[in-house]
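Colleague: Structure provided below as structure tokens; questions to follow.
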Amino acid sequence: MKRVYLLAVLAIVIAAALGIAVAKHSGYVLISYGGFRYQSGLWAALAALVAIVALVWLLRYLVGLVLTSSGVVNPWSRRNRSRRVRIAIEQGQLDLAEGRWASAQRHLHRAAEAERQPLLYYLGAARAANEQGRAQDSDSLLERALERQPQAELAIALTHAQLQMDRGESDGALETLLAMQERHPQNNQVLRLLQRLYLERGDWSALIRLLPDLRKHKVLPVNELAALEQRAWGQNLNLAATRGEDSQSARQSLERAWQQLTSAQRQEPQLVLAYAEQLRQVGAQGEAEQVLRSALKRDYESHLARLYGLVRGDDPARQLQTAEAWLKDHPEDPSLLLTLGRLSLQNRLWGKARDYLESSLRMERNPETCAELARLLAGLGETERSNQLFQEGLGLLDERLLALPLPEGVRA
């Protein structure tokens with residue numbers, strides 16, 4: 001408060017001093033230049049000069065206000081432009097999350113062009129364009145993102161590959177990912193997308209070559225990687241059996257694929273199953289029986305036991321005795337009982353075959369068991385029971401058949 005009083009007293013003193021100076025000495029100012037001539041009292045000239053300075057300052061203030069004000073004075077001002085960009089970002093992100101693709105593309109493209117760090121907005125706009133089926137617009141937006149932020153090449157390429165995969169351009173996506181793998185060989189996302197793409201393409205050989213990198217960089221959980229590895233090698237075995245022009249060359253190709261596995265892999269039940277099944281398909285029945293017998297002796301597996309009944313070994317009687325030995329430790333395995341029934345059929349032991357198949361069917365209503373027992377009963381002359389089992393097996397094979405329209409005379 002004292003400061004205000006002091007300033008007021010000081011202003012009064014200055015005003016009084018000026019008043020005395022004006023009254024005592026009016027002064028004289030003359031300005032002459034060419035044909036121009038101005039003359040005035042000193043104090044009037046000073047007052048005019050102060051007025052001019054004040055006017056210039058006011059004009060500068062008004063110009064600044066117009067350029068930096070809110071939308072009230074200038075709707076196209078810098079501040080209002082920032083507000084519009086913020087609104088575009090918020091609306092674009094909301095549209096993208098809620099699936100309004102056209103609006104999302106429009107808003108995010110506008111935001112990207114206005115921002116200094118536009119990468120995320122270009123990527124979002126590209127995704128929105130891709131969802132609309134506008135692949136060319138999507139690629140153009142990604143190219144623009146690369147121009148603006150070339151240091152984000154990997155992120156842009158990964159997005160491009162994902163969008164290519166989404167629209168079914170697997171060749172283009174593969175080209176993009178292989179280029180990125182060459183430049184960034186340790187990037188987990190590149191490896192993960194390559195693994196997904198190879199799965200979609202059914203390129204099992206390429207996936208097998210990728211497995212060491214997936215393991216080294218821990219791209220997938222251990223259990224998931226193990227399952228993927230088994231699937232890839234199993235499918236590779238299946239394909240190997242189809243590469244030969246005849247059964248002999250197919251068998252050689254299958255053997256080469258089997259030898260590519262490690263000793264530990266050659267003991268995996270799923271891979272043994274795939275290998276034995278392909279041996280059976282190419283006519284190497286005796287070798288398939290030996291492979292299955294060795295695997296089951298090492299570690300019993302129900303799926304292997306089921307396949308053992310489908311192969312024809314060199315000695316059917318010995319094959320039946322081998323399987324009956326497993327029954328002591330696995331008396332309630334319906335797959336093993338089905339195998340024993342089939343092996344009994346191979347040995348023409350009709351009564352034993354019937355007993356094994358009946359026992360298997362009591363434990364599990366399986367369409368294969370129904371069919372085998374129905375065939376046997378038909379041969380034994382029990383037509384009515386055989387037909388019942390055939391019908392039951394057909395229903396078990398695909399229960400959806402029961403829901404299909406049928407003629408009135410066929411309905412149960």
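Here, A, B, ... name the chains of the structure tokens in the order displayed, residue numbers run from 1 inside each chain, and ligands are numbered from 1 in the same displayed order.
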I'd like the contact shell of range 359-372 of chain A - 7 Å cut-off, only C-alpha atoms, skipping same-chain residues fewer than 3 positions apart - returned as number ranges by chain.

Modeller: A: 334, 337-338, 355-356, 375-376, 389-390, 393-394, 396-397

Colleague: Would you output that residue set with C-alpha atoms, as a PDB file, in the first residue's frame?

Modeller:
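Contents of result.pdb, as written:
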ATOM      1  CA  PRO A 334      -9.865 -99.282 -25.975  1.00  0.00           C
ATOM      2  CA  LEU A 337      -8.238-103.692 -27.710  1.00  0.00           C
ATOM      3  CA  LEU A 338      -9.205-102.409 -31.193  1.00  0.00           C
ATOM      4  CA  ASP A 355     -14.109-110.713 -28.073  1.00  0.00           C
ATOM      5  CA  TYR A 356     -11.477-107.969 -28.374  1.00  0.00           C
ATOM      6  CA  ARG A 375     -17.726-106.320 -40.943  1.00  0.00           C
ATOM      7  CA  LEU A 376     -16.869-109.358 -38.836  1.00  0.00           C
ATOM      8  CA  LEU A 389     -23.386-101.374 -35.800  1.00  0.00           C
ATOM      9  CA  PHE A 390     -22.877 -99.837 -39.243  1.00  0.00           C
ATOM     10  CA  GLY A 393     -20.721 -96.101 -36.497  1.00  0.00           C
ATOM     11  CA  LEU A 394     -22.050 -93.716 -39.138  1.00  0.00           C
ATOM     12  CA  LEU A 396     -20.649 -91.597 -34.307  1.00  0.00           C
ATOM     13  CA  LEU A 397     -18.543 -90.585 -37.296  1.00  0.00           C
TER      14      LEU A 397
END

Colleague: To test your reading of the structure, identify every residue in range 198-403 of chain A that backbone DSSP assigns to helix (DSSP H, G or I), and report it as a PyMOL selection string.

Modeller: chain A and resi 198-201+204-216+222-240+247-259+265-267+269-281+285-298+302-308+316-327+334-346+350-363+367-379+383-397+399-403

Colleague: Export, as a short mmCIF file (atom, residue, chain, number, x, y, z; two decimals), in the first residue's frame, the selected residues with C-alpha atoms.

Modeller:
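Everything below was put into out_29.cif:
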data_model
loop_
_atom_site.label_atom_id
_atom_site.label_comp_id
_atom_site.auth_asym_id
_atom_site.auth_seq_id
_atom_site.Cartn_x
_atom_site.Cartn_y
_atom_site.Cartn_z
CA TYR A 198 5.08 -69.72 -42.80
CA LEU A 199 2.28 -71.44 -40.90
CA GLU A 200 -0.35 -69.78 -43.07
CA ARG A 201 1.52 -70.72 -46.25
CA TRP A 204 7.17 -76.33 -43.33
CA SER A 205 10.73 -76.43 -44.65
CA ALA A 206 11.11 -72.68 -44.20
CA LEU A 207 9.55 -72.90 -40.75
CA ILE A 208 12.02 -75.62 -39.77
CA ARG A 209 14.89 -73.37 -40.86
CA LEU A 210 13.44 -70.60 -38.71
CA LEU A 211 13.11 -72.75 -35.57
CA PRO A 212 16.70 -72.19 -34.31
CA ASP A 213 16.20 -68.41 -34.37
CA LEU A 214 12.85 -68.73 -32.61
CA ARG A 215 14.51 -70.78 -29.89
CA LYS A 216 17.63 -68.62 -29.62
CA VAL A 222 8.86 -73.17 -24.39
CA ASN A 223 5.73 -75.33 -24.56
CA GLU A 224 4.39 -73.52 -27.62
CA LEU A 225 7.73 -73.77 -29.38
CA ALA A 226 7.94 -77.51 -28.68
CA ALA A 227 4.45 -78.05 -30.10
CA LEU A 228 5.31 -75.97 -33.15
CA GLU A 229 8.50 -77.92 -33.68
CA GLN A 230 6.69 -81.25 -33.54
CA ARG A 231 4.02 -80.03 -35.93
CA ALA A 232 6.56 -78.65 -38.42
CA TRP A 233 8.65 -81.82 -38.49
CA GLY A 234 5.55 -84.00 -38.63
CA GLN A 235 4.17 -82.09 -41.60
CA ASN A 236 7.58 -82.19 -43.24
CA LEU A 237 7.54 -85.98 -42.95
CA ASN A 238 4.09 -86.07 -44.52
CA LEU A 239 5.28 -83.94 -47.44
CA ALA A 240 8.45 -85.96 -47.87
CA SER A 247 7.05 -95.66 -53.93
CA GLN A 248 10.80 -96.30 -53.85
CA SER A 249 11.80 -92.66 -54.31
CA ALA A 250 9.05 -91.57 -51.89
CA ARG A 251 10.44 -93.96 -49.30
CA GLN A 252 13.96 -92.60 -49.81
CA SER A 253 12.74 -89.02 -49.47
CA LEU A 254 10.87 -89.98 -46.29
CA GLU A 255 13.98 -91.65 -44.87
CA ARG A 256 16.09 -88.54 -45.54
CA ALA A 257 13.54 -86.37 -43.77
CA TRP A 258 13.53 -88.78 -40.80
CA GLN A 259 17.31 -88.76 -40.54
CA GLN A 265 13.07 -85.99 -31.86
CA ARG A 266 12.99 -89.49 -33.32
CA GLN A 267 11.66 -90.66 -29.97
CA PRO A 269 5.51 -90.11 -30.10
CA GLN A 270 3.86 -87.65 -32.49
CA LEU A 271 6.82 -87.74 -34.87
CA VAL A 272 7.06 -91.52 -34.65
CA LEU A 273 3.33 -91.65 -35.45
CA ALA A 274 3.77 -89.42 -38.51
CA TYR A 275 6.77 -91.38 -39.73
CA ALA A 276 5.13 -94.79 -39.29
CA GLU A 277 1.93 -93.59 -40.98
CA GLN A 278 3.87 -92.38 -44.01
CA LEU A 279 5.85 -95.63 -44.14
CA ARG A 280 2.53 -97.44 -44.23
CA GLN A 281 1.28 -95.16 -47.01
CA GLN A 285 4.55 -102.04 -43.86
CA GLY A 286 7.26 -104.18 -42.27
CA GLU A 287 9.46 -101.20 -41.49
CA ALA A 288 6.48 -99.30 -40.06
CA GLU A 289 5.72 -102.26 -37.75
CA GLN A 290 9.32 -102.31 -36.50
CA VAL A 291 9.33 -98.57 -35.84
CA LEU A 292 6.07 -98.76 -33.90
CA ARG A 293 7.12 -101.85 -31.95
CA SER A 294 10.36 -100.20 -30.84
CA ALA A 295 8.60 -96.98 -29.85
CA LEU A 296 5.90 -98.78 -27.88
CA LYS A 297 8.47 -100.93 -26.11
CA ARG A 298 10.31 -97.77 -25.08
CA SER A 302 -2.25 -95.18 -27.11
CA HIS A 303 -2.15 -93.51 -30.55
CA LEU A 304 0.83 -95.60 -31.53
CA ALA A 305 -0.93 -98.73 -30.33
CA ARG A 306 -3.94 -97.89 -32.52
CA LEU A 307 -1.73 -97.49 -35.61
CA TYR A 308 0.05 -100.75 -34.80
CA PRO A 316 1.23 -111.46 -38.12
CA ALA A 317 1.27 -114.09 -35.36
CA ARG A 318 4.28 -112.53 -33.66
CA GLN A 319 2.71 -109.09 -34.10
CA LEU A 320 -0.41 -110.30 -32.26
CA GLN A 321 1.67 -111.81 -29.45
CA THR A 322 3.60 -108.55 -29.06
CA ALA A 323 0.39 -106.54 -28.74
CA GLU A 324 -1.12 -109.05 -26.29
CA ALA A 325 1.91 -108.56 -24.06
CA TRP A 326 1.05 -104.85 -23.79
CA LEU A 327 -2.47 -105.77 -22.66
CA PRO A 334 -9.87 -99.28 -25.98
CA SER A 335 -7.36 -98.40 -28.73
CA LEU A 336 -5.18 -101.38 -27.81
CA LEU A 337 -8.24 -103.69 -27.71
CA LEU A 338 -9.20 -102.41 -31.19
CA THR A 339 -5.67 -103.17 -32.40
CA LEU A 340 -5.85 -106.68 -30.90
CA GLY A 341 -9.15 -107.24 -32.68
CA ARG A 342 -7.64 -106.17 -36.01
CA LEU A 343 -4.54 -108.30 -35.50
CA SER A 344 -6.75 -111.26 -34.64
CA LEU A 345 -8.60 -110.67 -37.92
CA GLN A 346 -5.26 -110.72 -39.76
CA TRP A 350 -12.61 -114.81 -35.59
CA GLY A 351 -13.72 -115.60 -32.06
CA LYS A 352 -10.78 -113.82 -30.45
CA ALA A 353 -11.27 -110.85 -32.78
CA ARG A 354 -14.92 -110.62 -31.78
CA ASP A 355 -14.11 -110.71 -28.07
CA TYR A 356 -11.48 -107.97 -28.37
CA LEU A 357 -13.73 -105.73 -30.49
CA GLU A 358 -16.71 -106.21 -28.17
CA SER A 359 -14.51 -105.30 -25.16
CA SER A 360 -13.20 -102.19 -26.91
CA LEU A 361 -16.72 -101.11 -27.84
CA ARG A 362 -17.94 -101.51 -24.27
CA MET A 363 -15.22 -99.13 -23.09
CA PRO A 367 -16.86 -95.56 -35.19
CA GLU A 368 -13.80 -97.57 -36.23
CA THR A 369 -14.60 -100.30 -33.72
CA CYS A 370 -18.23 -100.35 -34.84
CA ALA A 371 -17.16 -100.75 -38.46
CA GLU A 372 -14.66 -103.52 -37.75
CA LEU A 373 -17.12 -105.49 -35.61
CA ALA A 374 -19.92 -104.93 -38.14
CA ARG A 375 -17.73 -106.32 -40.94
CA LEU A 376 -16.87 -109.36 -38.84
CA LEU A 377 -20.48 -110.03 -37.86
CA ALA A 378 -21.59 -109.69 -41.49
CA GLY A 379 -19.05 -112.35 -42.40
CA THR A 383 -26.72 -109.42 -40.52
CA GLU A 384 -29.12 -107.61 -38.19
CA ARG A 385 -26.50 -106.79 -35.55
CA SER A 386 -24.02 -105.89 -38.27
CA ASN A 387 -26.42 -103.37 -39.81
CA GLN A 388 -27.10 -101.86 -36.39
CA LEU A 389 -23.39 -101.37 -35.80
CA PHE A 390 -22.88 -99.84 -39.24
CA GLN A 391 -25.62 -97.32 -38.52
CA GLU A 392 -24.21 -96.58 -35.08
CA GLY A 393 -20.72 -96.10 -36.50
CA LEU A 394 -22.05 -93.72 -39.14
CA GLY A 395 -23.79 -91.67 -36.46
CA LEU A 396 -20.65 -91.60 -34.31
CA LEU A 397 -18.54 -90.58 -37.30
CA GLU A 399 -23.36 -86.72 -35.26
CA ARG A 400 -24.45 -83.74 -37.38
CA LEU A 401 -25.95 -86.21 -39.83
CA LEU A 402 -28.70 -86.86 -37.27
CA ALA A 403 -29.93 -83.29 -37.66
#

Colleague: So what do you get for CA of Gly283 in chain A versus CA of Thr242 in chain A, distance-wise?

Modeller: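 According to the coordinates, CA of Gly283 in chain A and CA of Thr242 in chain A are separated by 12.7 Å.
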
Colleague: Quick one: distance from CA of Ala104 in chain A to CA of Gln151 in chain A in Å, one decimal?

Modeller: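 So the answer is 24.9 Å.
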
Colleague: Write out as a list of chain:residue names each polymer residue whose atoms come within 12 Å of Glu90 in chain A, counting only C-alpha atoms; drop sequence neighbours fewer than 6 positions from it.

Modeller: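 Contacts, in chain order: A:Arg83, A:Arg84, A:Leu96, A:Ala97, A:Ser103, A:Ala104, A:His107, A:Leu108, A:Arg110, A:Ala111, A:Tyr121.
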
Colleague: Just to be explicit: take each residue in the selection above, keep N, CA and C atoms, and write the result as a PDB file, in the first residue's frame.

Modeller:
ATOM      1  N   ARG A  83      -5.737 -26.752 -31.391  1.00  0.00           N
ATOM      2  CA  ARG A  83      -6.960 -27.344 -30.826  1.00  0.00           C
ATOM      3  C   ARG A  83      -7.624 -28.271 -31.827  1.00  0.00           C
ATOM      4  N   ARG A  84      -7.655 -27.866 -33.102  1.00  0.00           N
ATOM      5  CA  ARG A  84      -8.262 -28.712 -34.124  1.00  0.00           C
ATOM      6  C   ARG A  84      -7.470 -30.004 -34.308  1.00  0.00           C
ATOM      7  N   LEU A  96     -10.973 -45.316 -34.791  1.00  0.00           N
ATOM      8  CA  LEU A  96     -10.188 -46.506 -35.085  1.00  0.00           C
ATOM      9  C   LEU A  96     -10.559 -47.642 -34.133  1.00  0.00           C
ATOM     10  N   ALA A  97     -10.716 -47.327 -32.865  1.00  0.00           N
ATOM     11  CA  ALA A  97     -11.059 -48.350 -31.874  1.00  0.00           C
ATOM     12  C   ALA A  97     -12.460 -48.907 -32.091  1.00  0.00           C
ATOM     13  N   SER A 103     -13.878 -42.450 -41.219  1.00  0.00           N
ATOM     14  CA  SER A 103     -13.675 -41.298 -40.341  1.00  0.00           C
ATOM     15  C   SER A 103     -12.311 -41.362 -39.672  1.00  0.00           C
ATOM     16  N   ALA A 104     -11.902 -42.553 -39.262  1.00  0.00           N
ATOM     17  CA  ALA A 104     -10.596 -42.705 -38.623  1.00  0.00           C
ATOM     18  C   ALA A 104      -9.476 -42.333 -39.581  1.00  0.00           C
ATOM     19  N   HIS A 107      -9.445 -38.373 -40.025  1.00  0.00           N
ATOM     20  CA  HIS A 107      -8.962 -37.627 -38.866  1.00  0.00           C
ATOM     21  C   HIS A 107      -7.477 -37.894 -38.587  1.00  0.00           C
ATOM     22  N   LEU A 108      -7.072 -39.169 -38.666  1.00  0.00           N
ATOM     23  CA  LEU A 108      -5.677 -39.487 -38.346  1.00  0.00           C
ATOM     24  C   LEU A 108      -4.722 -38.973 -39.426  1.00  0.00           C
ATOM     25  N   ARG A 110      -5.210 -36.214 -41.125  1.00  0.00           N
ATOM     26  CA  ARG A 110      -5.116 -34.776 -40.830  1.00  0.00           C
ATOM     27  C   ARG A 110      -4.168 -34.534 -39.659  1.00  0.00           C
ATOM     28  N   ALA A 111      -4.276 -35.353 -38.626  1.00  0.00           N
ATOM     29  CA  ALA A 111      -3.405 -35.188 -37.461  1.00  0.00           C
ATOM     30  C   ALA A 111      -1.944 -35.471 -37.832  1.00  0.00           C
ATOM     31  N   TYR A 121       0.022 -41.843 -36.064  1.00  0.00           N
ATOM     32  CA  TYR A 121      -1.190 -41.416 -36.761  1.00  0.00           C
ATOM     33  C   TYR A 121      -1.201 -41.929 -38.199  1.00  0.00           C
TER      34      TYR A 121
END
